[in-house]
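Peer 1: Dropping in target_5.cif, which is mmCIF, N, CA and C atoms:
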data_structure
loop_
_atom_site.label_atom_id
_atom_site.label_comp_id
_atom_site.auth_asym_id
_atom_site.auth_seq_id
_atom_site.Cartn_x
_atom_site.Cartn_y
_atom_site.Cartn_z
N MET E 1 -91.03 -62.71 -48.77
CA MET E 1 -92.03 -62.63 -47.71
C MET E 1 -92.08 -63.97 -46.98
N SER E 2 -92.14 -63.91 -45.67
CA SER E 2 -92.17 -65.14 -44.88
C SER E 2 -93.52 -65.84 -45.04
N THR E 3 -93.55 -67.11 -44.66
CA THR E 3 -94.78 -67.90 -44.75
C THR E 3 -95.88 -67.28 -43.89
N ILE E 4 -95.53 -66.86 -42.66
CA ILE E 4 -96.56 -66.26 -41.80
C ILE E 4 -97.05 -64.94 -42.38
N ASP E 5 -96.16 -64.13 -42.93
CA ASP E 5 -96.60 -62.87 -43.55
C ASP E 5 -97.52 -63.13 -44.73
N SER E 6 -97.20 -64.14 -45.51
CA SER E 6 -98.04 -64.49 -46.65
C SER E 6 -99.43 -64.93 -46.18
N LEU E 7 -99.46 -65.74 -45.12
CA LEU E 7 -100.74 -66.18 -44.57
C LEU E 7 -101.54 -64.98 -44.05
N LEU E 8 -100.90 -64.10 -43.30
CA LEU E 8 -101.60 -62.93 -42.75
C LEU E 8 -102.16 -62.05 -43.86
N GLU E 9 -101.37 -61.85 -44.90
CA GLU E 9 -101.84 -61.04 -46.03
C GLU E 9 -103.07 -61.68 -46.67
N THR E 10 -103.04 -62.99 -46.86
CA THR E 10 -104.19 -63.71 -47.41
C THR E 10 -105.41 -63.55 -46.51
N ILE E 11 -105.22 -63.67 -45.21
CA ILE E 11 -106.33 -63.50 -44.27
C ILE E 11 -106.94 -62.11 -44.39
N PHE E 12 -106.10 -61.08 -44.42
CA PHE E 12 -106.62 -59.71 -44.53
C PHE E 12 -107.38 -59.50 -45.84
N GLN E 13 -106.91 -60.13 -46.92
CA GLN E 13 -107.54 -59.94 -48.22
C GLN E 13 -108.87 -60.67 -48.35
N ARG E 14 -108.99 -61.84 -47.76
CA ARG E 14 -110.21 -62.64 -47.95
C ARG E 14 -111.28 -62.36 -46.89
N THR E 15 -110.90 -61.79 -45.77
CA THR E 15 -111.84 -61.59 -44.66
C THR E 15 -112.74 -60.40 -44.93
N ARG E 16 -114.02 -60.58 -44.62
CA ARG E 16 -114.99 -59.49 -44.73
C ARG E 16 -115.65 -59.21 -43.38
N THR E 17 -115.97 -60.28 -42.61
CA THR E 17 -116.69 -60.13 -41.36
C THR E 17 -115.92 -60.80 -40.23
N ILE E 18 -115.77 -60.06 -39.12
CA ILE E 18 -114.98 -60.52 -37.98
C ILE E 18 -115.84 -60.46 -36.72
N ALA E 19 -115.92 -61.58 -35.99
CA ALA E 19 -116.54 -61.58 -34.67
C ALA E 19 -115.43 -61.36 -33.65
N VAL E 20 -115.59 -60.35 -32.80
CA VAL E 20 -114.58 -60.02 -31.79
C VAL E 20 -115.10 -60.49 -30.43
N VAL E 21 -114.49 -61.56 -29.93
CA VAL E 21 -114.89 -62.14 -28.64
C VAL E 21 -114.12 -61.45 -27.53
N GLY E 22 -114.87 -60.87 -26.59
CA GLY E 22 -114.24 -60.12 -25.52
C GLY E 22 -114.21 -58.63 -25.81
N TYR E 23 -115.07 -58.18 -26.73
CA TYR E 23 -115.16 -56.76 -27.06
C TYR E 23 -115.46 -55.95 -25.80
N SER E 24 -114.83 -54.80 -25.66
CA SER E 24 -115.07 -53.90 -24.54
C SER E 24 -115.61 -52.57 -25.04
N ALA E 25 -116.55 -52.00 -24.29
CA ALA E 25 -117.08 -50.68 -24.61
C ALA E 25 -116.13 -49.57 -24.19
N LYS E 26 -115.11 -49.92 -23.42
CA LYS E 26 -114.17 -48.92 -22.91
C LYS E 26 -113.12 -48.59 -23.98
N PRO E 27 -113.05 -47.32 -24.41
CA PRO E 27 -112.14 -46.94 -25.51
C PRO E 27 -110.67 -47.24 -25.25
N GLU E 28 -110.26 -47.30 -23.97
CA GLU E 28 -108.85 -47.55 -23.67
C GLU E 28 -108.48 -49.04 -23.74
N ARG E 29 -109.46 -49.91 -23.91
CA ARG E 29 -109.18 -51.35 -23.96
C ARG E 29 -108.79 -51.77 -25.38
N PRO E 30 -107.78 -52.63 -25.51
CA PRO E 30 -107.36 -53.07 -26.84
C PRO E 30 -108.50 -53.64 -27.69
N SER E 31 -109.41 -54.41 -27.08
CA SER E 31 -110.49 -54.99 -27.88
C SER E 31 -111.38 -53.92 -28.49
N HIS E 32 -111.47 -52.76 -27.85
CA HIS E 32 -112.27 -51.66 -28.38
C HIS E 32 -111.54 -50.98 -29.54
N TYR E 33 -110.29 -50.56 -29.30
CA TYR E 33 -109.63 -49.79 -30.35
C TYR E 33 -109.16 -50.65 -31.52
N VAL E 34 -108.87 -51.92 -31.29
CA VAL E 34 -108.54 -52.81 -32.42
C VAL E 34 -109.80 -53.03 -33.26
N SER E 35 -110.94 -53.21 -32.61
CA SER E 35 -112.20 -53.36 -33.36
C SER E 35 -112.51 -52.13 -34.19
N ALA E 36 -112.32 -50.95 -33.60
CA ALA E 36 -112.56 -49.70 -34.33
C ALA E 36 -111.60 -49.58 -35.52
N PHE E 37 -110.35 -49.98 -35.33
CA PHE E 37 -109.37 -49.96 -36.41
C PHE E 37 -109.82 -50.88 -37.56
N LEU E 38 -110.24 -52.09 -37.23
CA LEU E 38 -110.67 -53.04 -38.26
C LEU E 38 -111.89 -52.51 -39.00
N LYS E 39 -112.83 -51.90 -38.28
CA LYS E 39 -114.00 -51.31 -38.92
C LYS E 39 -113.57 -50.19 -39.87
N GLN E 40 -112.64 -49.37 -39.43
CA GLN E 40 -112.14 -48.27 -40.27
C GLN E 40 -111.50 -48.81 -41.55
N LYS E 41 -110.92 -50.00 -41.49
CA LYS E 41 -110.28 -50.61 -42.65
C LYS E 41 -111.28 -51.32 -43.56
N GLY E 42 -112.57 -51.25 -43.21
CA GLY E 42 -113.60 -51.76 -44.11
C GLY E 42 -114.18 -53.11 -43.74
N TYR E 43 -113.74 -53.67 -42.62
CA TYR E 43 -114.30 -54.94 -42.18
C TYR E 43 -115.59 -54.72 -41.40
N ARG E 44 -116.50 -55.67 -41.49
CA ARG E 44 -117.66 -55.66 -40.61
C ARG E 44 -117.21 -56.34 -39.32
N VAL E 45 -117.40 -55.66 -38.20
CA VAL E 45 -116.96 -56.16 -36.90
C VAL E 45 -118.19 -56.40 -36.03
N ILE E 46 -118.37 -57.64 -35.60
CA ILE E 46 -119.49 -58.01 -34.76
C ILE E 46 -118.97 -58.24 -33.34
N PRO E 47 -119.34 -57.36 -32.39
CA PRO E 47 -118.86 -57.50 -31.02
C PRO E 47 -119.56 -58.64 -30.28
N VAL E 48 -118.79 -59.37 -29.48
CA VAL E 48 -119.32 -60.47 -28.68
C VAL E 48 -118.87 -60.26 -27.23
N ASN E 49 -119.86 -60.06 -26.34
CA ASN E 49 -119.57 -59.88 -24.92
C ASN E 49 -120.89 -60.04 -24.17
N PRO E 50 -121.01 -61.05 -23.29
CA PRO E 50 -122.29 -61.26 -22.60
C PRO E 50 -122.72 -60.07 -21.75
N GLY E 51 -121.79 -59.32 -21.22
CA GLY E 51 -122.13 -58.17 -20.39
C GLY E 51 -122.68 -56.99 -21.16
N LEU E 52 -122.48 -56.98 -22.48
CA LEU E 52 -122.94 -55.88 -23.32
C LEU E 52 -124.02 -56.32 -24.31
N ALA E 53 -124.45 -57.57 -24.20
CA ALA E 53 -125.39 -58.15 -25.17
C ALA E 53 -126.62 -57.26 -25.35
N GLY E 54 -126.99 -57.08 -26.61
CA GLY E 54 -128.16 -56.28 -26.95
C GLY E 54 -127.87 -54.81 -27.19
N GLN E 55 -126.72 -54.34 -26.71
CA GLN E 55 -126.33 -52.96 -26.95
C GLN E 55 -125.75 -52.83 -28.36
N GLY E 56 -125.55 -51.60 -28.79
CA GLY E 56 -125.00 -51.36 -30.12
C GLY E 56 -123.66 -50.67 -30.05
N PHE E 57 -122.70 -51.21 -30.78
CA PHE E 57 -121.38 -50.61 -30.92
C PHE E 57 -120.90 -50.84 -32.35
N LEU E 58 -120.17 -49.89 -32.88
CA LEU E 58 -119.60 -50.01 -34.23
C LEU E 58 -120.68 -50.29 -35.28
N GLY E 59 -121.88 -49.81 -35.02
CA GLY E 59 -122.98 -50.01 -35.96
C GLY E 59 -123.54 -51.42 -35.95
N GLU E 60 -123.19 -52.21 -34.95
CA GLU E 60 -123.64 -53.60 -34.85
C GLU E 60 -124.22 -53.87 -33.48
N ARG E 61 -125.08 -54.86 -33.40
CA ARG E 61 -125.60 -55.33 -32.13
C ARG E 61 -124.52 -56.20 -31.48
N VAL E 62 -124.42 -56.13 -30.15
CA VAL E 62 -123.49 -56.99 -29.41
C VAL E 62 -124.22 -58.29 -29.06
N TYR E 63 -123.54 -59.41 -29.26
CA TYR E 63 -124.11 -60.72 -28.96
C TYR E 63 -123.43 -61.31 -27.73
N PRO E 64 -124.17 -62.13 -26.97
CA PRO E 64 -123.61 -62.69 -25.74
C PRO E 64 -122.55 -63.77 -25.97
N ASP E 65 -122.66 -64.46 -27.11
CA ASP E 65 -121.72 -65.54 -27.42
C ASP E 65 -121.76 -65.80 -28.92
N LEU E 66 -120.84 -66.60 -29.40
CA LEU E 66 -120.74 -66.85 -30.84
C LEU E 66 -121.96 -67.60 -31.38
N SER E 67 -122.53 -68.48 -30.58
CA SER E 67 -123.68 -69.25 -31.07
C SER E 67 -124.89 -68.35 -31.30
N SER E 68 -124.91 -67.15 -30.74
CA SER E 68 -126.02 -66.21 -30.92
C SER E 68 -125.86 -65.31 -32.14
N VAL E 69 -124.68 -65.27 -32.73
CA VAL E 69 -124.44 -64.40 -33.89
C VAL E 69 -125.20 -64.97 -35.09
N PRO E 70 -126.15 -64.21 -35.65
CA PRO E 70 -127.00 -64.77 -36.71
C PRO E 70 -126.33 -64.84 -38.08
N ASP E 71 -125.27 -64.09 -38.28
CA ASP E 71 -124.65 -64.01 -39.60
C ASP E 71 -123.37 -64.82 -39.67
N ASP E 72 -122.96 -65.11 -40.90
CA ASP E 72 -121.69 -65.80 -41.10
C ASP E 72 -120.54 -64.84 -40.83
N VAL E 73 -119.46 -65.37 -40.31
CA VAL E 73 -118.24 -64.60 -40.13
C VAL E 73 -117.09 -65.36 -40.78
N ASP E 74 -116.07 -64.63 -41.18
CA ASP E 74 -114.88 -65.22 -41.77
C ASP E 74 -113.81 -65.49 -40.73
N MET E 75 -113.79 -64.63 -39.70
CA MET E 75 -112.73 -64.68 -38.71
C MET E 75 -113.30 -64.43 -37.32
N VAL E 76 -112.75 -65.16 -36.34
CA VAL E 76 -113.05 -64.90 -34.93
C VAL E 76 -111.76 -64.39 -34.30
N ASP E 77 -111.83 -63.17 -33.77
CA ASP E 77 -110.69 -62.52 -33.12
C ASP E 77 -110.91 -62.62 -31.62
N ILE E 78 -109.99 -63.28 -30.91
CA ILE E 78 -110.19 -63.62 -29.50
C ILE E 78 -109.40 -62.70 -28.58
N PHE E 79 -110.13 -61.94 -27.77
CA PHE E 79 -109.56 -61.10 -26.71
C PHE E 79 -109.97 -61.71 -25.37
N ARG E 80 -109.56 -62.89 -25.12
CA ARG E 80 -109.84 -63.58 -23.85
C ARG E 80 -108.57 -64.28 -23.41
N ARG E 81 -108.52 -64.67 -22.15
CA ARG E 81 -107.35 -65.38 -21.64
C ARG E 81 -107.14 -66.70 -22.37
N SER E 82 -105.90 -67.15 -22.42
CA SER E 82 -105.57 -68.39 -23.13
C SER E 82 -106.43 -69.56 -22.66
N GLU E 83 -106.71 -69.63 -21.36
CA GLU E 83 -107.49 -70.77 -20.86
C GLU E 83 -108.95 -70.73 -21.33
N ASP E 84 -109.42 -69.59 -21.83
CA ASP E 84 -110.77 -69.48 -22.38
C ASP E 84 -110.85 -69.84 -23.86
N VAL E 85 -109.70 -69.96 -24.50
CA VAL E 85 -109.66 -70.19 -25.94
C VAL E 85 -110.37 -71.48 -26.37
N PRO E 86 -110.17 -72.63 -25.69
CA PRO E 86 -110.83 -73.85 -26.18
C PRO E 86 -112.34 -73.73 -26.29
N SER E 87 -112.99 -73.09 -25.33
CA SER E 87 -114.45 -72.96 -25.41
C SER E 87 -114.85 -72.02 -26.55
N VAL E 88 -114.08 -70.96 -26.77
CA VAL E 88 -114.37 -70.03 -27.87
C VAL E 88 -114.21 -70.74 -29.21
N VAL E 89 -113.12 -71.48 -29.36
CA VAL E 89 -112.87 -72.20 -30.62
C VAL E 89 -113.95 -73.26 -30.84
N SER E 90 -114.32 -73.97 -29.79
CA SER E 90 -115.37 -74.97 -29.90
C SER E 90 -116.69 -74.35 -30.36
N GLN E 91 -117.07 -73.22 -29.76
CA GLN E 91 -118.29 -72.51 -30.18
C GLN E 91 -118.20 -72.08 -31.64
N ALA E 92 -117.04 -71.53 -32.01
CA ALA E 92 -116.87 -71.03 -33.38
C ALA E 92 -116.97 -72.16 -34.41
N LEU E 93 -116.32 -73.27 -34.13
CA LEU E 93 -116.35 -74.41 -35.06
C LEU E 93 -117.74 -75.03 -35.14
N ALA E 94 -118.47 -75.02 -34.03
CA ALA E 94 -119.84 -75.54 -34.03
C ALA E 94 -120.78 -74.62 -34.79
N ARG E 95 -120.52 -73.32 -34.73
CA ARG E 95 -121.42 -72.33 -35.32
C ARG E 95 -121.22 -72.16 -36.83
N TRP E 96 -119.96 -72.18 -37.30
CA TRP E 96 -119.69 -71.89 -38.71
C TRP E 96 -118.88 -73.01 -39.36
N ASP E 97 -119.51 -73.68 -40.31
CA ASP E 97 -118.81 -74.73 -41.07
C ASP E 97 -117.72 -74.15 -41.96
N ASN E 98 -117.92 -72.90 -42.40
CA ASN E 98 -116.98 -72.30 -43.36
C ASN E 98 -116.07 -71.25 -42.73
N LEU E 99 -115.91 -71.29 -41.41
CA LEU E 99 -115.01 -70.36 -40.74
C LEU E 99 -113.61 -70.49 -41.34
N GLN E 100 -112.98 -69.35 -41.61
CA GLN E 100 -111.67 -69.36 -42.25
C GLN E 100 -110.52 -69.15 -41.27
N THR E 101 -110.74 -68.32 -40.23
CA THR E 101 -109.61 -67.92 -39.38
C THR E 101 -110.01 -67.81 -37.92
N ILE E 102 -109.16 -68.35 -37.06
CA ILE E 102 -109.19 -68.09 -35.62
C ILE E 102 -107.95 -67.24 -35.34
N TRP E 103 -108.15 -66.07 -34.77
CA TRP E 103 -107.04 -65.16 -34.48
C TRP E 103 -106.99 -64.94 -32.97
N MET E 104 -105.86 -65.27 -32.36
CA MET E 104 -105.66 -65.04 -30.93
C MET E 104 -104.75 -63.83 -30.77
N GLN E 105 -105.18 -62.88 -29.96
CA GLN E 105 -104.47 -61.61 -29.79
C GLN E 105 -103.11 -61.78 -29.11
N LEU E 106 -102.38 -60.68 -29.01
CA LEU E 106 -101.06 -60.69 -28.37
C LEU E 106 -101.13 -61.34 -27.00
N GLY E 107 -100.20 -62.24 -26.74
CA GLY E 107 -100.13 -62.92 -25.45
C GLY E 107 -101.06 -64.11 -25.32
N ILE E 108 -101.84 -64.38 -26.34
CA ILE E 108 -102.81 -65.48 -26.27
C ILE E 108 -102.38 -66.61 -27.20
N ARG E 109 -102.27 -67.80 -26.60
CA ARG E 109 -101.91 -69.00 -27.34
C ARG E 109 -102.65 -70.18 -26.71
N HIS E 110 -102.96 -71.16 -27.54
CA HIS E 110 -103.49 -72.42 -27.02
C HIS E 110 -103.25 -73.49 -28.07
N ALA E 111 -102.23 -74.31 -27.86
CA ALA E 111 -101.79 -75.29 -28.86
C ALA E 111 -102.88 -76.29 -29.21
N GLU E 112 -103.58 -76.80 -28.22
CA GLU E 112 -104.60 -77.82 -28.50
C GLU E 112 -105.78 -77.23 -29.28
N ALA E 113 -106.25 -76.06 -28.90
CA ALA E 113 -107.34 -75.41 -29.63
C ALA E 113 -106.89 -75.09 -31.06
N ALA E 114 -105.65 -74.64 -31.20
CA ALA E 114 -105.12 -74.34 -32.53
C ALA E 114 -105.07 -75.61 -33.39
N ARG E 115 -104.66 -76.72 -32.78
CA ARG E 115 -104.58 -77.99 -33.51
C ARG E 115 -105.97 -78.42 -33.98
N ILE E 116 -106.96 -78.34 -33.10
CA ILE E 116 -108.33 -78.74 -33.44
C ILE E 116 -108.87 -77.89 -34.58
N ALA E 117 -108.68 -76.57 -34.49
CA ALA E 117 -109.15 -75.68 -35.56
C ALA E 117 -108.41 -75.98 -36.86
N GLY E 118 -107.10 -76.18 -36.77
CA GLY E 118 -106.32 -76.49 -37.96
C GLY E 118 -106.76 -77.77 -38.65
N GLU E 119 -107.13 -78.77 -37.85
CA GLU E 119 -107.62 -80.03 -38.43
C GLU E 119 -108.94 -79.84 -39.16
N ARG E 120 -109.68 -78.81 -38.81
CA ARG E 120 -110.93 -78.49 -39.52
C ARG E 120 -110.68 -77.61 -40.74
N GLY E 121 -109.40 -77.30 -41.01
CA GLY E 121 -109.08 -76.48 -42.18
C GLY E 121 -109.13 -74.98 -41.90
N VAL E 122 -109.18 -74.61 -40.63
CA VAL E 122 -109.22 -73.20 -40.26
C VAL E 122 -107.80 -72.71 -40.02
N ASP E 123 -107.45 -71.57 -40.60
CA ASP E 123 -106.15 -70.96 -40.34
C ASP E 123 -106.15 -70.39 -38.93
N VAL E 124 -105.04 -70.57 -38.24
CA VAL E 124 -104.93 -70.10 -36.85
C VAL E 124 -103.74 -69.16 -36.73
N VAL E 125 -103.99 -68.01 -36.11
CA VAL E 125 -102.94 -67.04 -35.82
C VAL E 125 -102.93 -66.89 -34.30
N GLU E 126 -101.74 -67.01 -33.69
CA GLU E 126 -101.61 -66.88 -32.25
C GLU E 126 -100.65 -65.74 -31.92
N ASP E 127 -100.93 -65.07 -30.80
CA ASP E 127 -100.00 -64.09 -30.24
C ASP E 127 -99.64 -62.97 -31.22
N ARG E 128 -100.63 -62.49 -31.93
CA ARG E 128 -100.43 -61.37 -32.87
C ARG E 128 -101.65 -60.46 -32.83
N CYS E 129 -101.45 -59.23 -33.27
CA CYS E 129 -102.53 -58.25 -33.30
C CYS E 129 -102.75 -57.74 -34.72
N PRO E 130 -103.99 -57.80 -35.23
CA PRO E 130 -104.23 -57.31 -36.59
C PRO E 130 -103.95 -55.82 -36.74
N MET E 131 -104.04 -55.05 -35.65
CA MET E 131 -103.77 -53.61 -35.72
C MET E 131 -102.28 -53.34 -35.94
N ILE E 132 -101.44 -54.29 -35.57
CA ILE E 132 -99.99 -54.19 -35.83
C ILE E 132 -99.67 -54.77 -37.20
N GLU E 133 -100.25 -55.93 -37.48
CA GLU E 133 -99.90 -56.65 -38.72
C GLU E 133 -100.48 -56.01 -39.97
N TYR E 134 -101.70 -55.49 -39.90
CA TYR E 134 -102.33 -54.91 -41.08
C TYR E 134 -101.50 -53.78 -41.68
N PRO E 135 -101.13 -52.75 -40.90
CA PRO E 135 -100.33 -51.66 -41.49
C PRO E 135 -98.96 -52.14 -42.01
N ARG E 136 -98.41 -53.13 -41.35
CA ARG E 136 -97.10 -53.64 -41.77
C ARG E 136 -97.18 -54.36 -43.12
N LEU E 137 -98.27 -55.06 -43.36
CA LEU E 137 -98.40 -55.88 -44.57
C LEU E 137 -99.24 -55.26 -45.67
N MET E 138 -100.18 -54.43 -45.30
CA MET E 138 -101.14 -53.89 -46.26
C MET E 138 -100.92 -52.39 -46.43
N SER E 139 -99.69 -51.99 -46.64
CA SER E 139 -99.31 -50.58 -46.61
C SER E 139 -100.06 -49.72 -47.62
N SER E 140 -100.54 -50.31 -48.69
CA SER E 140 -101.24 -49.50 -49.69
C SER E 140 -102.69 -49.23 -49.30
N SER E 141 -103.17 -49.89 -48.24
CA SER E 141 -104.58 -49.71 -47.83
C SER E 141 -104.73 -48.56 -46.87
#
As structure tokens, please, write out the structure in this file.

Peer 2:
Amino acid sequence: MSTIDSLLETIFQRTRTIAVVGYSAKPERPSHYVSAFLKQKGYRVIPVNPGLAGQGFLGERVYPDLSSVPDDVDMVDIFRRSEDVPSVVSQALARWDNLQTIWMQLGIRHAEAARIAGERGVDVVEDRCPMIEYPRLMSSS
């Protein structure tokens, strides 16, 4: 197993709660169906989107930003443009001392934000989708 596959498997096994930044209420949007997939796999998914704040999706309240999320999360899954990543990572690191993972979706990368998170001991995944990686690595689930 490759190093990245080993890391991804560890992330899937240890993660319980995921904040999804850029969640969409539209079923055809990747942030919607990936969130639903993760919830189906047993994760608690907390949607984050200022335009939907206060509404309920996936059995959770939607929050306007990460600093408003009252509960601890293990992973922040980012569905925003690469140029938005530094502010999301900054909010996440300020909000949770024990954050374990920053996950940037397909097509999303930001080397400097990844470096800053990594220096804080947070695992960083770039340009990957958990809906693709989970079935590939966690076939027994």

Peer 1: Between E:Glu112, E:Asp97, E:Glu83, E:Asp74, which one has atoms that come closest to Phe12 of chain E, using only C-alpha atoms?

Peer 2: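 The answer is E:Asp74, which sits nearest to Phe12 of chain E.
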
Peer 1: Of the residues E:Ala19, E:Val34, E:Glu9, E:Thr101, which is the one nearest to Arg61 of chain E, using only C-alpha atoms?

Peer 2: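 Smallest separation from Arg61 of chain E among the options: E:Ala19.
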
Peer 1: Go through E:Gln55, E:Thr15, E:Ser90, E:Ser35 and flag the residue nearest Met75 of chain E, using only N, CA and C atoms for the distances.

Peer 2: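 Using only N, CA and C atoms, the shortest distance to Met75 of chain E belongs to E:Thr15.
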
Peer 1: I need the residue nearest Gly107 of chain E from this list: E:Gln13, E:Ser82, E:Ser2, E:Gln40. Use all atoms listed in the file for the distance.

Peer 2: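 Between E:Gln13, E:Ser82, E:Ser2, E:Gln40, the residue approaching Gly107 of chain E most closely is E:Ser82.
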
Peer 1: Show which residues sit within 8 Å of Met131 of chain E, as a ChimeraX atom specification. Count all atoms listed in the file, and ignore same-chain residues fewer than 2 positions away.

Peer 2: /E:33-35,37-38,128-129,133-136

Peer 1: Could those residues be written to a file, using N, CA and C atoms, as a CSV table (one decimal), in the frame of the given file?

Peer 2:
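Below you can see again08.csv, which holds the result:
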chain,number,residue,atom,x,y,z
E,33,TYR,N,-110.3,-50.6,-29.3
E,33,TYR,CA,-109.6,-49.8,-30.4
E,33,TYR,C,-109.2,-50.6,-31.5
E,34,VAL,N,-108.9,-51.9,-31.3
E,34,VAL,CA,-108.5,-52.8,-32.4
E,34,VAL,C,-109.8,-53.0,-33.3
E,35,SER,N,-110.9,-53.2,-32.6
E,35,SER,CA,-112.2,-53.4,-33.4
E,35,SER,C,-112.5,-52.1,-34.2
E,37,PHE,N,-110.4,-50.0,-35.3
E,37,PHE,CA,-109.4,-50.0,-36.4
E,37,PHE,C,-109.8,-50.9,-37.6
E,38,LEU,N,-110.2,-52.1,-37.2
E,38,LEU,CA,-110.7,-53.0,-38.3
E,38,LEU,C,-111.9,-52.5,-39.0
E,128,ARG,N,-100.6,-62.5,-31.9
E,128,ARG,CA,-100.4,-61.4,-32.9
E,128,ARG,C,-101.6,-60.5,-32.8
E,129,CYS,N,-101.4,-59.2,-33.3
E,129,CYS,CA,-102.5,-58.2,-33.3
E,129,CYS,C,-102.8,-57.7,-34.7
E,133,GLU,N,-100.2,-55.9,-37.5
E,133,GLU,CA,-99.9,-56.6,-38.7
E,133,GLU,C,-100.5,-56.0,-40.0
E,134,TYR,N,-101.7,-55.5,-39.9
E,134,TYR,CA,-102.3,-54.9,-41.1
E,134,TYR,C,-101.5,-53.8,-41.7
E,135,PRO,N,-101.1,-52.8,-40.9
E,135,PRO,CA,-100.3,-51.7,-41.5
E,135,PRO,C,-99.0,-52.1,-42.0
E,136,ARG,N,-98.4,-53.1,-41.4
E,136,ARG,CA,-97.1,-53.6,-41.8
E,136,ARG,C,-97.2,-54.4,-43.1

Peer 1: Taking only C-alpha atoms into account, which of E:Asp84, E:Asp5, E:Glu60, E:Asp72 comes nearest Val21 of chain E?

Peer 2: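 Closest residue, counting only C-alpha atoms: E:Asp84.
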
Peer 1: May I ask which of the residues E:Ser139, E:Asn98, E:Ala36, E:Pro86 is the closest one to Ala114 of chain E, counting only N, CA and C atoms?

Peer 2: E:Pro86

Peer 1: Please write the residues picked by the PyMOL selection byres ((chain E and resi 65) around 6) on this file as a ChimeraX atom specification.

Peer 2: /E:48-50,63-64,66-69

Peer 1: Just so the selection is clear, what residues does the PyMOL selection byres (((chain E and resi 103 and name CA) around 8) and name CA) cover here, as a list in words?

Peer 2: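 Evaluating the PyMOL selection byres (((chain E and resi 103 and name CA) around 8) and name CA) on this file yields Met75, Val76, Asp77, Ile78, Thr101, Ile102, Met104, Gln105, Val124, Val125, Glu126 and Arg128 of chain E.
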
Peer 1: Convert the current residue selection to file output with N, CA and C atoms, as a PDB file, keeping the file's coordinate frame.

Peer 2:
ATOM      1  N   MET E  75    -113.790 -64.630 -39.700  1.00  0.00           N
ATOM      2  CA  MET E  75    -112.730 -64.680 -38.710  1.00  0.00           C
ATOM      3  C   MET E  75    -113.300 -64.430 -37.320  1.00  0.00           C
ATOM      4  N   VAL E  76    -112.750 -65.160 -36.340  1.00  0.00           N
ATOM      5  CA  VAL E  76    -113.050 -64.900 -34.930  1.00  0.00           C
ATOM      6  C   VAL E  76    -111.760 -64.390 -34.300  1.00  0.00           C
ATOM      7  N   ASP E  77    -111.830 -63.170 -33.770  1.00  0.00           N
ATOM      8  CA  ASP E  77    -110.690 -62.520 -33.120  1.00  0.00           C
ATOM      9  C   ASP E  77    -110.910 -62.620 -31.620  1.00  0.00           C
ATOM     10  N   ILE E  78    -109.990 -63.280 -30.910  1.00  0.00           N
ATOM     11  CA  ILE E  78    -110.190 -63.620 -29.500  1.00  0.00           C
ATOM     12  C   ILE E  78    -109.400 -62.700 -28.580  1.00  0.00           C
ATOM     13  N   THR E 101    -110.740 -68.320 -40.230  1.00  0.00           N
ATOM     14  CA  THR E 101    -109.610 -67.920 -39.380  1.00  0.00           C
ATOM     15  C   THR E 101    -110.010 -67.810 -37.920  1.00  0.00           C
ATOM     16  N   ILE E 102    -109.160 -68.350 -37.060  1.00  0.00           N
ATOM     17  CA  ILE E 102    -109.190 -68.090 -35.620  1.00  0.00           C
ATOM     18  C   ILE E 102    -107.950 -67.240 -35.340  1.00  0.00           C
ATOM     19  N   MET E 104    -105.860 -65.270 -32.360  1.00  0.00           N
ATOM     20  CA  MET E 104    -105.660 -65.040 -30.930  1.00  0.00           C
ATOM     21  C   MET E 104    -104.750 -63.830 -30.770  1.00  0.00           C
ATOM     22  N   GLN E 105    -105.180 -62.880 -29.960  1.00  0.00           N
ATOM     23  CA  GLN E 105    -104.470 -61.610 -29.790  1.00  0.00           C
ATOM     24  C   GLN E 105    -103.110 -61.780 -29.110  1.00  0.00           C
ATOM     25  N   VAL E 124    -105.040 -70.570 -38.240  1.00  0.00           N
ATOM     26  CA  VAL E 124    -104.930 -70.100 -36.850  1.00  0.00           C
ATOM     27  C   VAL E 124    -103.740 -69.160 -36.730  1.00  0.00           C
ATOM     28  N   VAL E 125    -103.990 -68.010 -36.110  1.00  0.00           N
ATOM     29  CA  VAL E 125    -102.940 -67.040 -35.820  1.00  0.00           C
ATOM     30  C   VAL E 125    -102.930 -66.890 -34.300  1.00  0.00           C
ATOM     31  N   GLU E 126    -101.740 -67.010 -33.690  1.00  0.00           N
ATOM     32  CA  GLU E 126    -101.610 -66.880 -32.250  1.00  0.00           C
ATOM     33  C   GLU E 126    -100.650 -65.740 -31.920  1.00  0.00           C
ATOM     34  N   ARG E 128    -100.630 -62.490 -31.930  1.00  0.00           N
ATOM     35  CA  ARG E 128    -100.430 -61.370 -32.870  1.00  0.00           C
ATOM     36  C   ARG E 128    -101.650 -60.460 -32.830  1.00  0.00           C
TER      37      ARG E 128
END

Peer 1: Report as a list in words: the residues of chain E with a DSSP assignment of strand (DSSP E), based on the backbone of this structure.

Peer 2: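 Everything in chain E that counts as strand (DSSP E) is Thr17, Ile18, Ala19, Val20, Val21, Arg44, Val45, Ile46, Pro47, Val48, Gly56, Phe57, Glu60, Arg61, Met75, Val76, Asp77, Ile78, Thr101, Ile102, Trp103, Met104, Asp123, Val124 and Val125 of chain E.
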
Peer 1: Could you state the separation of atom CA of Leu93 of chain E and atom CA of Ile132 of chain E in Å, given to one decimal place?

Peer 2: 26.0 Å

Peer 1: How far is it from atom CA of Pro130 of chain E to atom N of Ala111 of chain E, in Å with one decimal?

Peer 2: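 If I compute the distance from atom CA of Pro130 of chain E to atom N of Ala111 of chain E, I get 19.2 Å.
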
Peer 1: If you run DSSP on the backbone, which residues of segment 53-135 of chain E are helix (DSSP H, G or I), as a ChimeraX atom specification?

Peer 2: /E:66-68,82-95,111-119,130-135

Peer 1: Can you work out the spacing between atom C of Val89 of chain E and atom N of Thr3 of chain E in Å, to one decimal?

Peer 2: 25.4 Å

Peer 1: Find the axis-aligned box for segment 34-41 of chain E, covering all its listed atoms and adding 8 Å on each side, and write its centre and edge lengths in Å to one decimal as lines of an AutoDock Vina configuration file.

Peer 2:
center_x = -111.3
center_y = -50.8
center_z = -37.4
size_x = 21.5
size_y = 21.1
size_z = 28.3
